Structures are given as C-alpha cells and as structure tokens.
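S.K.: What follows is the file entry-v8.cif, containing mmCIF, C-alpha atoms:
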data_my_file
loop_
_atom_site.label_atom_id
_atom_site.label_comp_id
_atom_site.auth_asym_id
_atom_site.auth_seq_id
_atom_site.Cartn_x
_atom_site.Cartn_y
_atom_site.Cartn_z
CA MET A 1 -143.47 -40.00 -54.18
CA PRO A 2 -141.77 -36.56 -54.37
CA ALA A 3 -141.26 -34.73 -51.11
CA SER A 4 -142.74 -31.63 -52.73
CA TYR A 5 -146.20 -33.22 -52.62
CA ALA A 6 -148.94 -30.68 -52.03
CA PRO A 7 -152.50 -31.80 -51.23
CA VAL A 8 -154.81 -31.52 -54.22
CA ASP A 9 -157.58 -29.00 -53.67
CA LYS A 10 -160.83 -30.97 -53.82
CA PRO A 11 -163.45 -28.79 -52.10
CA LYS A 12 -166.43 -31.10 -52.65
CA ARG A 13 -164.61 -34.17 -51.37
CA THR A 14 -163.23 -32.23 -48.43
CA LEU A 15 -166.64 -30.90 -47.40
CA ALA A 16 -168.36 -34.25 -47.89
CA ASP A 17 -165.73 -35.98 -45.75
CA ARG A 18 -166.11 -33.33 -43.05
CA VAL A 19 -169.86 -33.91 -42.90
CA TYR A 20 -169.38 -37.70 -43.00
CA HIS A 21 -166.91 -37.66 -40.09
CA SER A 22 -169.16 -35.39 -38.02
CA LEU A 23 -172.27 -37.52 -38.55
CA PHE A 24 -170.32 -40.76 -38.01
CA SER A 25 -169.01 -39.37 -34.71
CA ARG A 26 -172.48 -38.36 -33.53
CA ILE A 27 -173.89 -41.80 -34.31
CA SER A 28 -170.89 -43.56 -32.78
CA ASN A 29 -171.21 -41.48 -29.61
CA GLY A 30 -174.93 -42.24 -29.28
CA ASP A 31 -176.19 -38.74 -30.09
CA TYR A 32 -178.60 -40.45 -32.48
CA ARG A 33 -180.16 -43.69 -31.22
CA ILE A 34 -180.84 -46.90 -33.15
CA ASN A 35 -183.71 -46.37 -35.61
CA GLN A 36 -183.82 -42.66 -34.80
CA LYS A 37 -184.50 -40.42 -37.78
CA LEU A 38 -181.73 -38.02 -38.70
CA PRO A 39 -182.58 -34.34 -39.17
CA SER A 40 -183.86 -33.49 -42.64
CA GLU A 41 -181.43 -32.90 -45.49
CA HIS A 42 -182.43 -29.24 -45.46
CA ALA A 43 -181.65 -28.92 -41.74
CA LEU A 44 -178.33 -30.75 -42.03
CA SER A 45 -177.29 -28.74 -45.08
CA GLU A 46 -177.90 -25.51 -43.20
CA GLU A 47 -176.19 -26.75 -40.03
CA PHE A 48 -173.01 -27.80 -41.86
CA GLY A 49 -173.12 -24.94 -44.34
CA VAL A 50 -172.94 -27.23 -47.40
CA SER A 51 -175.03 -27.84 -50.50
CA ARG A 52 -177.49 -30.72 -50.84
CA PRO A 53 -175.21 -32.68 -53.25
CA ILE A 54 -172.32 -32.52 -50.77
CA LEU A 55 -174.56 -33.62 -47.90
CA ARG A 56 -175.98 -36.46 -49.99
CA ALA A 57 -172.46 -37.68 -50.80
CA ALA A 58 -171.74 -37.91 -47.05
CA LEU A 59 -175.05 -39.70 -46.40
CA GLU A 60 -174.39 -42.13 -49.24
CA LYS A 61 -171.06 -43.06 -47.67
CA LEU A 62 -172.81 -43.72 -44.34
CA ARG A 63 -175.40 -45.87 -46.14
CA ALA A 64 -172.70 -47.80 -47.98
CA GLU A 65 -171.02 -48.59 -44.66
CA GLY A 66 -174.32 -49.77 -43.16
CA VAL A 67 -174.43 -46.99 -40.57
CA ILE A 68 -177.75 -45.54 -41.75
CA TYR A 69 -180.63 -46.66 -43.96
CA SER A 70 -183.30 -44.79 -45.90
CA ARG A 71 -187.07 -45.14 -46.02
CA GLN A 72 -188.64 -43.79 -49.18
CA GLY A 73 -190.37 -40.54 -48.41
CA ALA A 74 -189.50 -40.77 -44.71
CA GLY A 75 -185.82 -39.88 -44.51
CA ASN A 76 -182.63 -41.40 -43.12
CA PHE A 77 -182.43 -43.53 -39.98
CA VAL A 78 -179.67 -44.96 -37.78
CA ARG A 79 -179.31 -48.66 -38.57
CA ALA A 80 -177.60 -49.92 -35.42
CA SER A 81 -174.87 -49.22 -32.94
CA ILE A 82 -171.49 -49.09 -34.67
CA SER A 83 -169.76 -52.31 -33.74
CA HIS A 84 -166.11 -53.25 -33.93
CA PRO A 85 -164.26 -56.58 -34.01
CA VAL A 86 -162.48 -55.64 -30.78
CA GLY A 87 -164.31 -54.56 -27.64
CA PHE A 88 -163.26 -52.66 -24.56
CA ALA A 89 -165.06 -51.87 -21.33
CA ARG A 90 -166.12 -48.25 -20.84
CA VAL A 91 -163.73 -45.65 -19.51
CA GLU A 92 -164.63 -45.27 -15.84
CA THR A 93 -161.61 -43.74 -14.10
CA LEU A 94 -158.64 -41.45 -14.70
CA ALA A 95 -156.50 -44.58 -14.59
CA ASP A 96 -158.39 -45.83 -17.65
CA VAL A 97 -157.65 -42.57 -19.46
CA GLN A 98 -153.97 -42.97 -18.63
CA ARG A 99 -153.97 -46.58 -19.84
CA CYS A 100 -155.63 -45.50 -23.09
CA TYR A 101 -152.85 -42.97 -23.67
CA GLU A 102 -150.26 -45.69 -22.99
CA PHE A 103 -151.82 -47.88 -25.66
CA ARG A 104 -152.21 -45.02 -28.14
CA ILE A 105 -148.56 -44.00 -27.72
CA THR A 106 -147.53 -47.56 -28.56
CA ILE A 107 -149.65 -48.10 -31.68
CA GLU A 108 -149.85 -44.56 -33.08
CA THR A 109 -146.10 -43.97 -32.86
CA ALA A 110 -145.50 -47.10 -34.93
CA ALA A 111 -148.34 -46.25 -37.32
CA ALA A 112 -146.88 -42.78 -37.98
CA GLY A 113 -143.56 -44.32 -38.98
CA LEU A 114 -145.21 -46.84 -41.28
CA ALA A 115 -147.43 -44.15 -42.78
CA SER A 116 -144.32 -42.18 -43.72
CA ASP A 117 -143.04 -45.15 -45.73
CA ARG A 118 -146.33 -46.38 -47.19
CA ARG A 119 -148.59 -43.36 -47.75
CA ASN A 120 -149.92 -42.40 -51.16
CA HIS A 121 -151.60 -39.25 -52.47
CA ALA A 122 -155.08 -40.35 -51.36
CA ALA A 123 -153.86 -41.08 -47.83
CA LEU A 124 -152.11 -37.72 -47.63
CA ASP A 125 -155.25 -35.98 -48.89
CA GLU A 126 -157.27 -37.60 -46.10
CA ILE A 127 -154.81 -36.57 -43.38
CA SER A 128 -154.62 -33.07 -44.88
CA GLU A 129 -158.41 -32.74 -44.91
CA ALA A 130 -158.64 -33.61 -41.22
CA LEU A 131 -155.83 -31.16 -40.48
CA GLY A 132 -157.76 -28.51 -42.39
CA MET A 133 -160.79 -29.08 -40.16
CA MET A 134 -158.58 -28.67 -37.11
CA ARG A 135 -157.09 -25.49 -38.55
CA MET A 136 -160.56 -24.02 -39.10
CA ALA A 137 -161.59 -24.92 -35.56
CA THR A 138 -158.43 -23.36 -34.12
CA GLY A 139 -159.12 -20.20 -36.10
CA SER A 140 -162.57 -20.10 -34.49
CA ARG A 141 -161.02 -20.74 -31.05
CA GLU A 142 -162.63 -24.16 -30.82
CA HIS A 143 -161.44 -27.72 -30.26
CA ARG A 144 -163.17 -30.39 -32.34
CA GLU A 145 -162.78 -33.94 -31.14
CA ASP A 146 -164.19 -35.29 -34.42
CA ALA A 147 -161.51 -33.54 -36.48
CA ASP A 148 -158.79 -34.57 -34.03
CA PHE A 149 -159.86 -38.21 -34.17
CA ALA A 150 -160.20 -38.09 -37.97
CA PHE A 151 -156.57 -36.91 -38.20
CA HIS A 152 -155.22 -39.74 -36.05
CA LEU A 153 -157.44 -42.36 -37.71
CA ALA A 154 -156.30 -41.25 -41.18
CA ILE A 155 -152.69 -41.81 -40.15
CA THR A 156 -153.42 -45.39 -39.07
CA ARG A 157 -155.09 -45.93 -42.45
CA ALA A 158 -152.03 -44.51 -44.20
CA ALA A 159 -149.95 -47.19 -42.44
CA ASN A 160 -151.76 -49.73 -44.66
CA ASN A 161 -152.19 -52.19 -41.80
CA GLN A 162 -155.83 -52.83 -40.91
CA TYR A 163 -155.00 -53.82 -37.34
CA TYR A 164 -153.96 -50.28 -36.44
CA GLU A 165 -157.14 -48.81 -37.89
CA ALA A 166 -159.34 -51.48 -36.28
CA SER A 167 -157.78 -50.78 -32.88
CA MET A 168 -158.39 -47.03 -33.26
CA ARG A 169 -162.00 -47.56 -34.27
CA ALA A 170 -162.57 -49.92 -31.36
CA LEU A 171 -161.10 -47.31 -29.02
CA ARG A 172 -163.07 -44.40 -30.50
CA GLU A 173 -165.23 -43.75 -27.42
CA HIS A 174 -162.25 -44.12 -25.09
CA ILE A 175 -160.10 -41.78 -27.16
CA TYR A 176 -162.93 -39.25 -27.26
CA VAL A 177 -162.94 -39.10 -23.46
CA GLY A 178 -159.27 -38.12 -23.39
CA MET A 179 -159.66 -35.76 -26.34
CA LYS A 180 -162.62 -34.01 -24.73
CA MET A 181 -160.74 -33.55 -21.46
CA HIS A 182 -157.68 -32.37 -23.37
CA GLY A 183 -159.81 -29.95 -25.41
CA GLU A 184 -161.35 -28.48 -22.29
CA SER A 185 -157.87 -27.96 -20.87
CA LEU A 186 -156.74 -26.22 -24.05
CA MET A 187 -159.78 -23.95 -24.10
CA THR A 188 -159.01 -22.92 -20.53
CA ASP A 189 -155.43 -22.05 -21.48
CA GLY A 190 -156.54 -19.94 -24.44
CA ALA A 191 -155.62 -19.38 -28.08
CA LYS A 192 -151.90 -20.02 -27.72
CA ALA A 193 -152.51 -23.53 -26.40
CA LEU A 194 -154.84 -24.36 -29.31
CA GLU A 195 -152.30 -23.01 -31.79
CA ALA A 196 -149.48 -25.00 -30.18
CA VAL A 197 -151.41 -28.25 -30.53
CA LEU A 198 -152.29 -27.44 -34.14
CA ALA A 199 -148.56 -26.92 -34.75
CA GLU A 200 -147.87 -30.38 -33.29
CA HIS A 201 -150.34 -31.97 -35.69
CA THR A 202 -148.99 -29.99 -38.62
CA ALA A 203 -145.44 -31.14 -37.89
CA ILE A 204 -146.59 -34.78 -37.81
CA PHE A 205 -148.29 -34.37 -41.19
CA ASP A 206 -145.22 -32.68 -42.70
CA ALA A 207 -142.97 -35.54 -41.57
CA ILE A 208 -145.33 -38.18 -43.01
CA ARG A 209 -145.69 -36.23 -46.26
CA ASP A 210 -141.92 -35.92 -46.60
CA GLY A 211 -141.31 -39.61 -45.86
CA LYS A 212 -139.37 -38.95 -42.64
CA ALA A 213 -140.33 -42.01 -40.63
CA THR A 214 -138.09 -41.42 -37.60
CA ALA A 215 -139.22 -37.81 -37.29
CA ALA A 216 -142.89 -38.82 -37.65
CA GLU A 217 -142.53 -41.39 -34.87
CA THR A 218 -140.75 -38.92 -32.58
CA LEU A 219 -143.30 -36.18 -33.24
CA MET A 220 -146.28 -38.48 -32.73
CA ARG A 221 -144.89 -39.83 -29.48
CA GLY A 222 -144.11 -36.32 -28.26
CA HIS A 223 -147.57 -35.06 -29.19
CA LEU A 224 -149.38 -37.87 -27.36
CA GLU A 225 -147.12 -37.63 -24.32
CA GLN A 226 -147.67 -33.88 -24.12
CA SER A 227 -151.41 -34.36 -24.50
CA ARG A 228 -151.37 -36.90 -21.67
CA ASP A 229 -149.17 -34.71 -19.48
CA ARG A 230 -151.45 -31.70 -19.94
CA LEU A 231 -154.19 -33.76 -18.29
CA PHE A 232 -151.99 -35.27 -15.60
CA GLY A 233 -150.01 -32.15 -14.79
CA SER A 234 -149.61 -33.13 -11.15
CA GLY A 235 -148.01 -36.44 -12.16
CA LEU A 236 -149.06 -39.76 -13.65
CA LEU A 237 -150.98 -42.25 -11.54
CA ASP A 238 -149.11 -45.21 -10.10
CA LEU A 239 -150.51 -48.19 -11.97
CA SER A 240 -148.27 -50.75 -10.30
CA MET A 241 -150.05 -53.95 -9.30
CA LYS A 242 -150.16 -54.24 -5.54
CA ASN A 243 -149.23 -57.40 -3.62
#
Starting from the coordinates I provided, produce the structure as structure tokens.

M.R.:
Amino acid sequence: MPASYAPVDKPKRTLADRVYHSLFSRISNGDYRINQKLPSEHALSEEFGVSRPILRAALEKLRAEGVIYSRQGAGNFVRASISHPVGFARVETLADVQRCYEFRITIETAAAGLASDRRNHAALDEISEALGMMRMATGSREHREDADFAFHLAITRAANNQYYEASMRALREHIYVGMKMHGESLMTDGAKALEAVLAEHTAIFDAIRDGKATAAETLMRGHLEQSRDRLFGSGLLDLSMKN
C-alpha cells in the first residue's frame, strides 16, 4: 500500500458509522434498557443532523449485529444487553482505572504496531472516520468518549487479530470510565489540552497509515501513558501485593 494513501471521502458511510457508534455506545452503556423503544427515526435524524437513509443504514447495522430489533409499525427496540466472550468486574476504584490503563498500554501498543503492517484501505478509512469525529468535537470544544473509543477500537480491528478487538469490546465500560475522567480533565484545562490530545491521535493514525510500526507503537504507548498520567498527576498508586 503506498504511503501517500489518503482516506476516500465517503460522506454517507462516514455519517452512518458516526450514528451507529453513538447508538451502540448508548445501548452498551445502558442509556437504553432491554426492550426499551428507541426514539423515533424522525427524532434521531434531527438529533444527529442526518437524513433518514443515513439513519436507517446505521439502524440496519445494529439490527444485523443483533443489538436491536424492529416491530412492524411500532419502531426499534433494544434486544438485550451487549455481551462479550470475556467478562470483567465493574470498575470500582481508582486502582481499577490504573489497572485498566496498564492492560490497555500492553495490548494497544502491540495492536498499533500490527495495524501498521496489516492495515488496508477499509481499515484506514474506519480509523480516519473516528479521527474525524474527534476533530469535529475538538473544534466544538468537546470531548466525545464514543469517538475516542471508536478510534482505538478501529486500530485493534486493523491489527487483524480478533483477540485484540474482543478484549477492547469486553473492556468498553471500563475504558469509558477512564476516558470520561480524562475528558473532564481536558475540559478543565481548556482548548489547548483538547488540541494536544487530538494531535496525539493524529500522529498515531499517520504512523499506521505510513506503515511505520515502531513509531506507531511508541506513539500509542506515549499517548496512553500521558492519558493515565493526566489522571494520576500526583503519582501512580502502589499496587504491590502486601504480605
């Protein structure tokens, strides 16, 4: 794949994926309960600022994955809690947040390197789309956990090893806790902090796009470590096992 790759502009796909990721995140986080009816297509179209065909493409993807189901004339409903082959207890303490970062640094650093070697145009499009959502949020002085997670998940998919992606999906709720705390910290620090983090993500994408595995690993590790350290500015917790 040439290093001069530039993401193909596919507005409909990009918008449909943005809506899909947002709705998937809401369902995964429990914003919509099992068997709860989703807002009407008209309401969702207006909320996301997209046309009905784009919204329906996102809903169809959710139906295909078994996340929602439709009742003729009644609308769309949440099928069940999103389950994963791997389970983890809920995040309950700051120590859990620190442990989650430890695990993420291990798997996502490796996944970034593999993604640099194995990615194709479709994988790069997906990472680029998530980065675009983050760029829009930064321009609006917002931090979006759904876009942030979509970016990191897309990289594990680009590694073409289902175990990385499965681990990320299983950790979704745990990662969201850290991302939300990190986002709140960035919002407190202002626009420059948001822009700096966007630059970190952009550099990771550029390295993966250009096939620079070592750089992608280094940048991913640095990004996650800096994210962790922004939360634990006073120093990491001592997780040593006591006698």

S.K.: Env of Asp117 of chain A: 7 Å cut, atoms = only C-alpha atoms, seq-sep filter 4 positions within chain, self excluded. Answer as a ChimeraX atom specification.

M.R.: /A:113,211,213

S.K.: Which residue out of A:Thr188, A:Ser140, A:Thr156, A:Thr106 has the minimum interatomic distance to Ala123 of chain A when only C-alpha atoms are used?

M.R.: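 Between A:Thr188, A:Ser140, A:Thr156, A:Thr106, the residue approaching Ala123 of chain A most closely is A:Thr156.
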
S.K.: In terms of the shortest atom-to-atom distance over all atoms listed in the file, which of A:Leu59, A:Ile34, A:Met187, A:Ile155 is closest to Arg118 of chain A?

M.R.: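 Closest to Arg118 of chain A of all the choices is A:Ile155.
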
S.K.: Apply the PyMOL selection byres ((chain A and resi 25) around 10) to the structure shown and report the selected residues as a ChimeraX atom specification.

M.R.: /A:19-24,26-32,145-147,149-150,172-173,176

S.K.: Taking the file as shown, find all residues satisfying the PyMOL selection byres ((chain A and resi 178) around 9) and write them as an MDAnalysis selection string.

M.R.: chainID A and resid 97:98 100:101 174:177 179:183 227:228 231

S.K.: Please evaluate the PyMOL selection byres ((chain A and resi 130) around 9) against the displayed coordinates and give the resulting residues as a PyMOL selection string.

M.R.: chain A and resi 14+17-18+125-129+131-135+146-152+154

S.K.: Give me the residues near Arg63 of chain A as a ChimeraX atom specification, where near means some atom within 12 Å (using only C-alpha atoms) and where sequence neighbours in that chain fewer than 3 positions away do not count.

M.R.: /A:20,23-24,56-60,66-71,76-80

S.K.: How many Å separate atom CA of Arg209 of chain A from atom CA of Arg119 of chain A?

M.R.: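 About the pair atom CA of Arg209 of chain A and atom CA of Arg119 of chain A: they are 7.8 Å apart.
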
S.K.: Which residue, A:Leu15, A:Leu38, A:Ala112, A:Ala43, has the smallest gap to Asn160 of chain A when you use only C-alpha atoms?

M.R.: A:Ala112

S.K.: Record the distance separating atom CA of Gly233 of chain A and atom CA of Leu219 of chain A, expressed in Å with one decimal.

M.R.: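 Spanning atom CA of Gly233 of chain A to atom CA of Leu219 of chain A is a straight-line distance of 20.0 Å.
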
S.K.: How many Å separate atom CA of Ala207 of chain A from atom CA of Leu171 of chain A?

M.R.: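 Separating atom CA of Ala207 of chain A from atom CA of Leu171 of chain A is a distance of 25.0 Å.
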
S.K.: Looking at A:Pro39, A:Ala16, A:Ser185, A:Val197, which one is nearest to Arg52 of chain A, with distances taken over all atoms listed in the file?

M.R.: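 Result for the nearest residue to Arg52 of chain A: A:Ala16.
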
S.K.: Taking all atoms listed in the file into account, name the residue in A:Ala74, A:Glu41, A:Arg169, A:Glu108 that is nearest to Ile54 of chain A.

M.R.: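 Of all the options, A:Glu41 lies closest to Ile54 of chain A.
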
S.K.: Would you mind listing what lies within 12 Å of Asp238 of chain A as a VMD selection string, with all atoms listed in the file counted and same-chain residues fewer than 3 positions away left out?

M.R.: chain A and resid 94 to 96 98 to 99 232 235 241 to 242

S.K.: Selected residues, C-alpha atoms, written as a PDB file, keeping the file's coordinate frame, please.

M.R.:
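Below you can see selection-v1.pdb, which holds the result:
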ATOM      1  CA  LEU A  94    -158.640 -41.450 -14.700  1.00  0.00           C
ATOM      2  CA  ALA A  95    -156.500 -44.580 -14.590  1.00  0.00           C
ATOM      3  CA  ASP A  96    -158.390 -45.830 -17.650  1.00  0.00           C
ATOM      4  CA  GLN A  98    -153.970 -42.970 -18.630  1.00  0.00           C
ATOM      5  CA  ARG A  99    -153.970 -46.580 -19.840  1.00  0.00           C
ATOM      6  CA  PHE A 232    -151.990 -35.270 -15.600  1.00  0.00           C
ATOM      7  CA  GLY A 235    -148.010 -36.440 -12.160  1.00  0.00           C
ATOM      8  CA  MET A 241    -150.050 -53.950  -9.300  1.00  0.00           C
ATOM      9  CA  LYS A 242    -150.160 -54.240  -5.540  1.00  0.00           C
TER      10      LYS A 242
END

S.K.: Looking at all atoms listed in the file, which of A:His143, A:His121, A:Arg230, A:Arg104 is the one that sits closest to Tyr164 of chain A?

M.R.: A:Arg104

S.K.: Please determine the residues with any atom at most 10 Å from (-158.1, -49.7, -36.5) (coordinates as given in the file, with all atoms listed in the file counting) and report them as a PyMOL selection string.

M.R.: chain A and resi 84-86+107+153-154+156-157+161-172
